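Data block for upload.txt (compact mmCIF, C-alpha atoms):
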# COMPACT_ATOMS: atom_id res chain seq x y z
CA MET A 6 70.90 189.50 -120.69
CA GLY A 7 71.02 192.90 -119.05
CA LEU A 8 70.30 196.57 -119.44
CA PHE A 9 69.03 197.38 -122.98
CA GLY A 10 69.43 193.74 -124.08
CA LYS A 11 72.63 191.84 -124.76
CA ARG A 12 75.59 192.59 -122.50
CA VAL A 13 79.25 192.82 -123.45
CA GLU A 14 81.11 189.87 -121.95
CA ILE A 15 82.80 191.26 -118.83
CA PRO A 16 84.48 188.88 -116.36
CA GLY A 17 82.96 188.40 -112.91
CA PRO A 18 84.70 189.36 -109.65
CA SER A 19 88.28 188.11 -109.52
CA GLY A 20 88.95 188.08 -105.76
CA PRO A 21 88.97 185.11 -103.37
CA HIS A 22 85.72 186.01 -101.57
CA ALA A 23 82.12 185.37 -102.53
CA VAL A 24 80.01 188.56 -102.51
CA GLY A 25 77.05 189.45 -100.33
CA LEU A 26 74.67 192.40 -100.60
CA CYS A 27 72.59 194.07 -97.92
CA GLU A 28 70.85 197.41 -97.42
CA PHE A 29 70.40 199.83 -94.53
CA GLU A 30 69.70 203.51 -94.00
CA VAL A 31 71.07 206.25 -91.79
CA SER A 32 69.62 209.51 -90.50
CA ASP A 33 70.24 212.23 -87.94
CA PRO A 34 67.25 213.76 -86.12
CA GLN A 35 69.01 217.13 -86.20
CA ARG A 36 69.47 217.12 -89.98
CA LEU A 37 66.17 217.77 -91.69
CA GLU A 38 65.26 217.01 -95.28
CA THR A 39 65.26 220.25 -97.26
CA LEU A 40 64.35 218.87 -100.69
CA GLY A 41 61.20 216.95 -99.80
CA PRO A 42 57.67 218.06 -98.97
CA ALA A 43 58.01 217.60 -95.19
CA ALA A 44 60.63 218.81 -92.72
CA ALA A 45 61.43 215.30 -91.47
CA PRO A 46 64.92 213.91 -90.77
CA ARG A 47 66.79 213.19 -94.01
CA ARG A 48 66.99 209.44 -94.63
CA VAL A 49 70.07 208.26 -96.51
CA PRO A 50 69.85 204.73 -97.98
CA VAL A 51 72.97 202.59 -98.42
CA ILE A 52 73.64 199.44 -100.44
CA ALA A 53 76.55 197.34 -99.16
CA TRP A 54 78.57 194.77 -101.08
CA TYR A 55 80.84 192.76 -98.78
CA PRO A 56 83.03 189.64 -98.54
CA ALA A 57 80.71 186.71 -97.89
CA LEU A 58 80.77 183.00 -97.25
CA PRO A 59 79.90 180.93 -100.33
CA SER A 60 76.17 180.39 -100.77
CA THR A 61 73.93 178.41 -103.07
CA ALA A 62 71.10 180.96 -102.68
CA PRO A 63 69.90 182.81 -105.81
CA ARG A 64 71.96 185.80 -106.84
CA GLU A 65 70.59 189.33 -106.65
CA PRO A 66 69.24 190.93 -109.88
CA ALA A 67 71.54 193.51 -111.40
CA LEU A 68 68.61 195.96 -111.64
CA ASP A 69 65.45 195.87 -109.55
CA ASP A 70 62.01 197.06 -110.58
CA ALA A 71 62.25 200.54 -109.05
CA VAL A 72 65.46 201.36 -110.93
CA ARG A 73 64.11 199.91 -114.17
CA GLU A 74 60.96 202.01 -113.85
CA ALA A 75 62.93 205.19 -113.12
CA LEU A 76 65.31 204.52 -116.02
CA SER A 77 62.33 203.96 -118.31
CA ASP A 78 60.80 207.24 -117.16
CA MET A 79 64.02 209.17 -117.76
CA THR A 80 65.09 207.56 -121.04
CA ARG A 81 61.63 206.83 -122.51
CA VAL A 82 62.83 203.26 -123.16
CA PRO A 83 60.08 200.74 -122.32
CA LYS A 84 60.66 199.02 -119.00
CA LEU A 85 60.38 195.59 -120.65
CA MET A 86 63.54 196.39 -122.63
CA LEU A 87 65.43 197.16 -119.41
CA ARG A 88 66.07 193.59 -118.38
CA PRO A 89 66.98 192.94 -114.72
CA GLY A 90 70.02 190.80 -115.45
CA THR A 91 71.87 188.91 -112.71
CA SER A 92 74.67 190.09 -110.45
CA TYR A 93 77.25 188.02 -108.58
CA ALA A 94 75.94 188.98 -105.12
CA VAL A 95 73.68 187.04 -102.76
CA ARG A 96 71.35 189.15 -100.64
CA ASP A 97 72.05 189.00 -96.88
CA ALA A 98 74.65 186.24 -97.26
CA ALA A 99 76.68 185.52 -94.13
CA ALA A 100 79.79 187.71 -94.01
CA ALA A 101 83.20 186.09 -94.32
CA PRO A 102 85.21 186.10 -91.08
CA GLY A 103 87.66 188.96 -90.62
CA ARG A 104 87.85 192.75 -90.40
CA PHE A 105 87.42 194.55 -93.68
CA PRO A 106 88.18 198.18 -94.66
CA VAL A 107 85.36 200.33 -95.98
CA VAL A 108 85.17 202.18 -99.30
CA LEU A 109 82.37 204.73 -99.74
CA PHE A 110 81.03 205.26 -103.27
CA ASN A 111 78.99 208.15 -104.71
CA HIS A 112 77.47 207.85 -108.18
CA GLY A 113 77.25 210.55 -110.84
CA LEU A 114 74.51 213.16 -111.11
CA GLY A 115 71.37 211.67 -112.63
CA SER A 116 72.43 208.13 -111.80
CA PHE A 117 71.72 205.54 -109.10
CA GLN A 118 73.44 203.43 -106.45
CA LYS A 119 74.02 200.37 -108.62
CA GLN A 120 75.51 202.30 -111.55
CA SER A 121 78.95 200.71 -110.91
CA ALA A 122 77.87 197.47 -109.25
CA SER A 123 80.40 195.35 -111.15
CA LEU A 124 83.27 197.40 -109.69
CA LEU A 125 81.75 197.36 -106.19
CA GLN A 126 81.39 193.57 -106.38
CA GLU A 127 85.03 193.35 -107.45
CA LEU A 128 86.09 195.33 -104.38
CA ALA A 129 84.00 193.09 -102.11
CA SER A 130 85.58 189.98 -103.61
CA HIS A 131 89.00 191.38 -102.65
CA GLY A 132 88.11 192.01 -99.02
CA PHE A 133 86.46 195.44 -98.93
CA ILE A 134 83.06 196.54 -97.68
CA ALA A 135 81.82 198.76 -100.52
CA LEU A 136 79.00 201.12 -99.53
CA SER A 137 77.07 202.93 -102.26
CA ILE A 138 75.18 205.98 -100.98
CA GLY A 139 71.82 207.20 -102.24
CA HIS A 140 70.74 210.84 -102.21
CA PRO A 141 66.96 211.38 -101.97
CA PHE A 142 65.44 213.56 -104.71
CA GLU A 143 68.81 213.88 -106.52
CA SER A 144 69.62 210.22 -107.24
CA LEU A 145 67.55 208.81 -110.09
CA VAL A 146 65.71 206.78 -107.46
CA VAL A 147 66.40 205.58 -103.92
CA GLN A 148 64.69 202.78 -102.03
CA TYR A 149 64.23 202.33 -98.31
CA ARG A 150 64.02 199.10 -96.37
CA ASP A 151 60.34 199.71 -95.64
CA GLY A 152 59.62 199.59 -99.37
CA ALA A 153 59.23 203.34 -99.92
CA THR A 154 60.91 204.86 -102.96
CA VAL A 155 61.92 208.45 -103.75
CA LYS A 156 62.50 209.51 -107.36
CA TRP A 157 64.43 212.47 -108.62
CA ARG A 158 62.90 215.93 -108.75
CA ARG A 159 63.24 217.41 -112.21
CA ASP A 160 62.59 220.91 -110.85
CA LEU A 161 65.78 220.96 -108.75
CA PRO A 162 68.52 223.24 -110.16
CA ALA A 163 71.08 220.49 -110.76
CA TRP A 164 68.58 218.34 -112.65
CA ARG A 165 67.40 221.33 -114.72
CA ALA A 166 71.00 222.16 -115.57
CA MET A 167 71.77 218.57 -116.51
CA GLU A 168 68.72 218.22 -118.73
CA ALA A 169 69.47 221.56 -120.42
CA GLY A 170 72.99 220.35 -121.10
CA MET A 171 71.69 217.07 -122.52
CA LYS A 172 69.59 219.02 -125.03
CA ASP A 173 72.71 220.80 -126.31
CA LEU A 174 75.66 218.58 -125.44
CA GLU A 175 77.99 220.14 -127.98
CA GLY A 176 77.13 223.67 -126.85
CA ALA A 177 77.74 222.75 -123.21
CA LEU A 178 81.09 221.17 -124.09
CA LYS A 179 82.15 224.19 -126.17
CA GLU A 180 81.33 226.46 -123.25
CA ALA A 181 83.50 224.44 -120.86
CA ALA A 182 86.32 223.74 -123.33
CA PRO A 183 88.46 226.89 -122.76
CA LEU A 184 88.33 226.46 -118.99
CA LEU A 185 89.19 222.77 -119.22
CA GLU A 186 92.22 223.67 -121.32
CA ARG A 187 93.27 226.21 -118.69
CA ALA A 188 92.72 223.61 -115.98
CA ARG A 189 95.02 221.16 -117.74
CA ALA A 190 97.67 223.88 -118.00
CA SER A 191 97.44 224.79 -114.28
CA HIS A 192 100.66 223.79 -112.57
CA ASP A 193 99.64 224.33 -108.95
CA ALA A 194 96.58 224.27 -106.72
CA ALA A 195 96.13 228.05 -106.64
CA ALA A 196 96.00 228.35 -110.43
CA LEU A 197 93.59 225.42 -110.65
CA HIS A 198 91.36 226.95 -107.97
CA GLU A 199 91.00 230.12 -110.05
CA VAL A 200 90.01 228.13 -113.13
CA MET A 201 87.59 225.81 -111.33
CA THR A 202 85.97 228.76 -109.55
CA ALA A 203 85.23 230.19 -112.99
CA MET A 204 84.00 226.77 -114.14
CA ALA A 205 81.58 226.66 -111.20
CA LYS A 206 79.89 229.82 -112.53
CA LEU A 207 78.92 228.25 -115.87
CA PRO A 208 75.19 227.43 -116.08
CA GLY A 209 75.78 223.69 -116.29
CA TYR A 210 78.06 223.67 -113.23
CA ALA A 211 76.68 226.45 -111.01
CA PRO A 212 74.26 224.21 -109.02
CA LEU A 213 76.89 221.56 -108.30
CA PRO A 214 78.88 222.93 -105.32
CA GLU A 215 75.72 222.98 -103.20
CA VAL A 216 74.92 219.42 -104.26
CA MET A 217 78.50 218.36 -103.48
CA GLU A 218 78.17 219.70 -99.94
CA ARG A 219 74.85 217.93 -99.42
CA TRP A 220 76.20 214.61 -100.73
CA ALA A 221 79.32 215.00 -98.58
CA ASP A 222 77.08 215.49 -95.54
CA ASP A 223 75.14 212.35 -96.51
CA THR A 224 78.45 210.49 -96.70
CA ARG A 225 79.49 211.77 -93.27
CA LEU A 226 76.25 210.33 -91.86
CA VAL A 227 77.37 206.96 -93.16
CA LEU A 228 80.82 207.47 -91.67
CA ASP A 229 79.21 208.29 -88.33
CA HIS A 230 77.23 205.05 -88.54
CA LEU A 231 80.15 202.68 -89.16
CA PRO A 232 80.73 201.81 -85.46
CA ALA A 233 77.02 200.99 -85.05
CA LEU A 234 77.13 198.92 -88.25
CA ASP A 235 80.00 196.93 -86.80
CA ALA A 236 78.14 196.56 -83.48
CA GLY A 237 75.17 195.04 -85.29
CA THR A 238 72.53 197.66 -84.49
CA SER A 239 71.54 197.93 -88.17
CA ALA A 240 70.39 194.30 -88.33
CA THR A 241 72.71 193.49 -91.26
CA PRO A 242 75.16 190.61 -91.73
CA LEU A 243 78.04 193.06 -91.13
CA LYS A 244 78.23 192.74 -87.34
CA GLY A 245 81.82 192.38 -86.22
CA VAL A 246 83.49 192.70 -89.63
CA VAL A 247 83.58 196.48 -90.26
CA ASP A 248 86.97 198.18 -89.93
CA ALA A 249 85.65 201.68 -89.18
CA LEU A 250 89.20 203.09 -89.05
CA GLY A 251 90.16 201.98 -92.54
CA VAL A 252 88.04 204.19 -94.80
CA GLY A 253 88.43 205.31 -98.39
CA THR A 254 86.07 207.21 -100.67
CA PHE A 255 85.60 207.32 -104.42
CA GLY A 256 83.05 208.17 -107.06
CA HIS A 257 82.28 208.90 -110.68
CA SER A 258 81.74 212.38 -112.14
CA LEU A 259 79.89 214.41 -109.47
CA GLY A 260 80.45 211.53 -107.05
CA GLY A 261 84.18 211.80 -107.77
CA MET A 262 84.05 215.50 -106.91
CA VAL A 263 82.41 214.54 -103.60
CA ALA A 264 85.27 212.12 -102.96
CA GLY A 265 87.76 214.94 -103.55
CA LEU A 266 85.82 217.25 -101.24
CA LEU A 267 85.89 214.63 -98.48
CA ALA A 268 89.62 214.03 -99.00
CA MET A 269 90.10 217.74 -98.36
CA HIS A 270 87.71 218.13 -95.39
CA GLU A 271 87.26 214.81 -93.64
CA PRO A 272 90.08 213.41 -91.45
CA ARG A 273 88.46 209.95 -91.27
CA VAL A 274 89.08 209.46 -95.01
CA LEU A 275 92.48 207.84 -95.53
CA ALA A 276 92.49 207.66 -99.36
CA GLY A 277 90.29 208.67 -102.28
CA MET A 278 89.72 208.46 -106.03
CA ASN A 279 87.84 210.64 -108.51
CA PHE A 280 86.74 209.02 -111.78
CA ASP A 281 86.59 211.71 -114.46
CA GLY A 282 84.98 214.51 -112.45
CA ALA A 283 86.20 218.11 -112.73
CA GLN A 284 87.14 218.94 -109.13
CA LEU A 285 85.07 222.04 -108.37
CA PRO A 286 85.74 224.02 -105.18
CA THR A 287 83.04 224.73 -102.63
CA PRO A 288 82.64 228.20 -101.06
CA GLY A 289 85.01 228.80 -98.17
CA GLY A 290 86.26 225.23 -98.01
CA PRO A 291 89.87 223.98 -97.97
CA TRP A 292 91.57 223.48 -101.31
CA ALA A 293 94.27 220.98 -100.42
CA LEU A 294 94.14 217.20 -100.37
CA ARG A 295 94.87 215.79 -96.90
CA ALA A 296 94.76 212.10 -97.93
CA PRO A 297 96.47 210.22 -100.80
CA PHE A 298 94.28 210.74 -103.84
CA CYS A 299 94.14 209.48 -107.41
CA PHE A 300 92.40 211.24 -110.30
CA VAL A 301 91.50 208.73 -113.01
CA TYR A 302 90.59 210.35 -116.31
CA ALA A 303 88.83 209.47 -119.51
CA ASP A 304 90.89 210.24 -122.57
CA THR A 305 88.66 212.84 -124.20
CA ALA A 306 85.13 214.21 -124.24
CA LYS A 307 83.71 214.37 -127.78
CA VAL A 308 80.37 215.63 -129.05
CA GLY A 309 79.94 216.30 -132.75
CA ALA A 310 82.98 218.20 -133.97
CA THR A 311 83.96 219.36 -130.48
CA VAL A 312 86.70 217.37 -128.72
CA VAL A 313 88.11 218.25 -125.30
CA ALA A 314 90.85 216.41 -123.46
CA ASN A 315 89.97 215.55 -119.86
CA GLU A 316 93.41 214.14 -119.15
CA GLY A 317 95.13 215.97 -116.29
CA MET A 318 92.35 218.50 -115.67
CA ASN A 319 92.69 218.25 -111.86
CA ASP A 320 96.43 217.64 -111.64
CA GLY A 321 97.16 221.08 -110.22
CA LEU A 322 95.86 219.74 -106.91
CA LEU A 323 98.51 217.01 -106.91
CA THR A 324 101.45 219.43 -106.63
CA ASP A 325 101.31 219.44 -102.83
CA ALA A 326 99.18 216.33 -102.30
CA PRO A 327 100.18 213.60 -99.82
CA ALA A 328 102.60 210.88 -100.91
CA GLY A 329 100.96 208.22 -103.03
CA SER A 330 98.68 210.65 -104.90
CA CYS A 331 98.60 210.40 -108.68
CA GLY A 332 96.85 211.11 -111.96
CA VAL A 333 96.07 208.34 -114.44
CA CYS A 334 94.44 208.42 -117.87
CA LEU A 335 92.81 205.36 -119.45
CA THR A 336 93.58 205.58 -123.16
CA GLY A 337 90.48 205.49 -125.31
CA ALA A 338 88.03 205.71 -122.40
CA ALA A 339 85.03 208.04 -122.39
CA HIS A 340 83.06 209.32 -119.41
CA LEU A 341 80.47 206.52 -119.31
CA ASN A 342 83.07 203.76 -119.59
CA PHE A 343 83.59 204.26 -115.84
CA THR A 344 80.08 202.94 -115.12
CA ASP A 345 78.29 199.69 -115.91
CA MET A 346 77.20 201.33 -119.17
CA ASN A 347 80.63 200.05 -120.23
CA ASN A 348 79.09 196.55 -120.21
CA VAL A 349 76.06 197.31 -122.39
CA ALA A 350 76.28 196.53 -126.10
CA MET A 351 73.75 199.18 -127.17
CA MET A 352 75.70 201.96 -125.43
CA ALA A 353 78.60 201.73 -127.89
CA LYS A 354 78.03 205.18 -129.42
CA ALA A 355 78.31 206.84 -125.99
CA LEU A 356 81.53 205.04 -125.10
CA GLY A 357 85.15 205.42 -126.07
CA SER A 358 87.32 203.29 -128.35
CA ILE A 359 88.84 201.30 -125.47
CA ASP A 360 88.08 197.57 -125.42
CA ARG A 361 85.29 197.19 -122.87
CA ALA A 362 86.71 194.11 -121.13
CA GLU A 363 90.10 195.81 -120.91
CA MET A 364 88.44 198.93 -119.46
CA ALA A 365 86.79 196.84 -116.76
CA ARG A 366 90.06 195.03 -116.00
CA ALA A 367 92.15 198.20 -115.81
CA LEU A 368 89.69 200.17 -113.67
CA ARG A 369 89.23 197.27 -111.26
CA ALA A 370 92.98 196.76 -110.94
CA LEU A 371 93.61 200.46 -110.29
CA THR A 372 90.82 200.74 -107.72
CA VAL A 373 91.59 197.55 -105.80
CA GLY A 374 95.32 198.21 -105.93
CA PHE A 375 95.07 201.81 -104.73
CA PHE A 376 92.77 201.11 -101.78
CA ALA A 377 94.55 197.89 -100.78
CA HIS A 378 97.82 199.82 -100.63
CA HIS A 379 96.54 202.83 -98.70
CA LEU A 380 94.02 201.12 -96.41
CA THR A 381 95.77 197.81 -95.66
CA GLY A 382 99.44 198.47 -96.40
CA ALA A 383 99.59 195.95 -99.24
CA ARG A 384 102.14 196.36 -102.02
CA LEU A 385 100.79 198.70 -104.70
CA THR A 386 99.50 196.82 -107.73
CA GLY A 387 97.50 197.72 -110.82
CA PHE A 388 99.50 200.83 -111.73
CA ALA A 389 102.01 199.50 -114.24
CA PRO A 390 102.01 201.68 -117.38
CA SER A 391 100.51 199.91 -120.38
CA PRO A 392 98.88 200.77 -123.72
CA VAL A 393 95.74 201.50 -121.68
CA VAL A 394 97.15 203.00 -118.46
CA ARG A 395 99.30 206.12 -118.65
CA PHE A 396 100.21 208.57 -115.91
CA THR A 397 99.39 212.26 -116.08
CA ARG A 398 101.13 212.66 -112.72
CA PRO A 399 103.07 209.70 -111.27
CA GLN A 400 102.67 208.74 -107.63
CA GLY A 401 104.38 211.26 -105.39
What would you get if you wrote out this structure as structure tokens?
Amino acid sequence: MGLFGKRVEIPGPSGPHAVGLCEFEVSDPQRLETLGPAAAPRRVPVIAWYPALPSTAPREPALDDAVREALSDMTRVPKLMLRPGTSYAVRDAAAAPGRFPVVLFNHGLGSFQKQSASLLQELASHGFIALSIGHPFESLVVQYRDGATVKWRRDLPAWRAMEAGMKDLEGALKEAAPLLERARASHDAAALHEVMTAMAKLPGYAPLPEVMERWADDTRLVLDHLPALDAGTSATPLKGVVDALGVGTFGHSLGGMVAGLLAMHEPRVLAGMNFDGAQLPTPGGPWALRAPFCFVYADTAKVGATVVANEGMNDGLLTDAPAGSCGVCLTGAAHLNFTDMNNVAMMAKALGSIDRAEMARALRALTVGFFAHHLTGARLTGFAPSPVVRFTRPQG
């Protein structure tokens, strides 16, 4: 049993490794928290899934109490109905021997670090260290190792914009629809930049570039910490197994936009993926991908009588992108199919027509295949066209 009751039957991790989970946090004394009540250093919590030695210890719950309470508060669903479920990860399990590349994950706005835990466990089972980054006051909830928790602040502009959009989903989609159509018709990066700059001025999108920059800075803190993580100064099981030079980044929705931003700005990022996020520009920043990048799209966005195709909305950026970049659409997928909501039976009305097990299989294959190819040099797998997987822009 899991979130909101019975779960859809989704296979467990398919890789050769068992999966461990640990937590740590990073901070920089020079970077102060600007969203909280005190001007203290910003603390960024991280959950790590990693290749582990087999263990008979109990597996970690899929959802812990703090997340269940925050979800109950946001959705008004009683906490007792938000069952913890069970994951495939063992907390603080001994790491498997070896050196493993790192993939950095950012969730969507209004969500939380474990929103895509099944995919992060899949990556760990295939030999990646998957780090999910929390963003205090903007994630639904974050937890620190000392037991402190920080919930979202509803008064922040991005949260106000999101909640306003939720009250009139069809109106928000109608407002964005003409620009999304223009984005899909943009044949180069310059034309797409013009459209997405206009998109960033819409009420529902205007707060997001600032949030993207803040989340990108949080992610850079984690990047800065990778050598110390490998050296063992964080008191985690990851001592000696972190390949700090093999780094990819990906995310869903707003987190996917952050991945794109980092692939433009951050030379330590060697590959990236954006799951169904409209790639907004940030003021004064570069607008060219410097690392191989893959945009993975839902088929359409539909609310009421309004239907908008997401497919190809960022492909203008791929015109001059590095070799190996691509655009892929998952036929029948909707925006929330990219998260673990895909696995929840009661979420059916918010999901697309794609078979849920096939969605999980296809997304896992694409993600593992892309990062294995670009971070380890493995042969590219997972990208064969199929009734589910179709290219909006083939690999360059």
Notebook entry, point to check: Taking into account all atoms listed in the file, which residue in the set A:Phe142, A:Tyr210, A:Phe255, A:Phe396 is nearest to Leu109 in chain A?
Noted result: A:Phe255
Item checked: Who sits within 12 Å of Arg36 in chain A, all atoms listed in the file, same chain under 6 positions skipped, as JSON, numbers by chain -> {"A": [44, 45, 46, 47, 48, 49, 219, 222, 223, 225, 226]}
Please dump the current selection as a PDB file, in the coordinates of the input; keep C-alpha atoms.
ATOM      1  CA  ALA A  44      60.630 218.810 -92.720  1.00  0.00           C
ATOM      2  CA  ALA A  45      61.430 215.300 -91.470  1.00  0.00           C
ATOM      3  CA  PRO A  46      64.920 213.910 -90.770  1.00  0.00           C
ATOM      4  CA  ARG A  47      66.790 213.190 -94.010  1.00  0.00           C
ATOM      5  CA  ARG A  48      66.990 209.440 -94.630  1.00  0.00           C
ATOM      6  CA  VAL A  49      70.070 208.260 -96.510  1.00  0.00           C
ATOM      7  CA  ARG A 219      74.850 217.930 -99.420  1.00  0.00           C
ATOM      8  CA  ASP A 222      77.080 215.490 -95.540  1.00  0.00           C
ATOM      9  CA  ASP A 223      75.140 212.350 -96.510  1.00  0.00           C
ATOM     10  CA  ARG A 225      79.490 211.770 -93.270  1.00  0.00           C
ATOM     11  CA  LEU A 226      76.250 210.330 -91.860  1.00  0.00           C
TER      12      LEU A 226
END
Checklist line | Residue nearest Arg64 in chain A - candidates A:Gly25, A:Pro162, A:Pro214, A:Gly290, atoms counted: all atoms listed in the file | finding: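 Checking each of A:Gly25, A:Pro162, A:Pro214, A:Gly290 against Arg64 in chain A, counting all atoms listed in the file, the winner is A:Gly25.
You will find CA of Gly139 in chain A at 9.6 Å from CA of Lys119 in chain A.
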Checklist line | Near-Val301 in chain A list (12 Å; all atoms listed in the file; drop same-chain fewer than 2 positions) as a PyMOL selection string | finding: chain A and resi 255-258+261-262+265+277-284+298-299+303-304+315-320+330-336+338-340+342-343+367-369+371-372+375+388+394-399
For C-alpha atoms, I'd like the residues from the last selection saved as an mmCIF file, in the frame of the given file.
data_model
loop_
_atom_site.group_PDB
_atom_site.id
_atom_site.type_symbol
_atom_site.label_atom_id
_atom_site.label_comp_id
_atom_site.auth_asym_id
_atom_site.auth_seq_id
_atom_site.Cartn_x
_atom_site.Cartn_y
_atom_site.Cartn_z
ATOM 1 C CA PHE A 255 85.600 207.320 -104.420
ATOM 2 C CA GLY A 256 83.050 208.170 -107.060
ATOM 3 C CA HIS A 257 82.280 208.900 -110.680
ATOM 4 C CA SER A 258 81.740 212.380 -112.140
ATOM 5 C CA GLY A 261 84.180 211.800 -107.770
ATOM 6 C CA MET A 262 84.050 215.500 -106.910
ATOM 7 C CA GLY A 265 87.760 214.940 -103.550
ATOM 8 C CA GLY A 277 90.290 208.670 -102.280
ATOM 9 C CA MET A 278 89.720 208.460 -106.030
ATOM 10 C CA ASN A 279 87.840 210.640 -108.510
ATOM 11 C CA PHE A 280 86.740 209.020 -111.780
ATOM 12 C CA ASP A 281 86.590 211.710 -114.460
ATOM 13 C CA GLY A 282 84.980 214.510 -112.450
ATOM 14 C CA ALA A 283 86.200 218.110 -112.730
ATOM 15 C CA GLN A 284 87.140 218.940 -109.130
ATOM 16 C CA PHE A 298 94.280 210.740 -103.840
ATOM 17 C CA CYS A 299 94.140 209.480 -107.410
ATOM 18 C CA ALA A 303 88.830 209.470 -119.510
ATOM 19 C CA ASP A 304 90.890 210.240 -122.570
ATOM 20 C CA ASN A 315 89.970 215.550 -119.860
ATOM 21 C CA GLU A 316 93.410 214.140 -119.150
ATOM 22 C CA GLY A 317 95.130 215.970 -116.290
ATOM 23 C CA MET A 318 92.350 218.500 -115.670
ATOM 24 C CA ASN A 319 92.690 218.250 -111.860
ATOM 25 C CA ASP A 320 96.430 217.640 -111.640
ATOM 26 C CA SER A 330 98.680 210.650 -104.900
ATOM 27 C CA CYS A 331 98.600 210.400 -108.680
ATOM 28 C CA GLY A 332 96.850 211.110 -111.960
ATOM 29 C CA VAL A 333 96.070 208.340 -114.440
ATOM 30 C CA CYS A 334 94.440 208.420 -117.870
ATOM 31 C CA LEU A 335 92.810 205.360 -119.450
ATOM 32 C CA THR A 336 93.580 205.580 -123.160
ATOM 33 C CA ALA A 338 88.030 205.710 -122.400
ATOM 34 C CA ALA A 339 85.030 208.040 -122.390
ATOM 35 C CA HIS A 340 83.060 209.320 -119.410
ATOM 36 C CA ASN A 342 83.070 203.760 -119.590
ATOM 37 C CA PHE A 343 83.590 204.260 -115.840
ATOM 38 C CA ALA A 367 92.150 198.200 -115.810
ATOM 39 C CA LEU A 368 89.690 200.170 -113.670
ATOM 40 C CA ARG A 369 89.230 197.270 -111.260
ATOM 41 C CA LEU A 371 93.610 200.460 -110.290
ATOM 42 C CA THR A 372 90.820 200.740 -107.720
ATOM 43 C CA PHE A 375 95.070 201.810 -104.730
ATOM 44 C CA PHE A 388 99.500 200.830 -111.730
ATOM 45 C CA VAL A 394 97.150 203.000 -118.460
ATOM 46 C CA ARG A 395 99.300 206.120 -118.650
ATOM 47 C CA PHE A 396 100.210 208.570 -115.910
ATOM 48 C CA THR A 397 99.390 212.260 -116.080
ATOM 49 C CA ARG A 398 101.130 212.660 -112.720
ATOM 50 C CA PRO A 399 103.070 209.700 -111.270
#
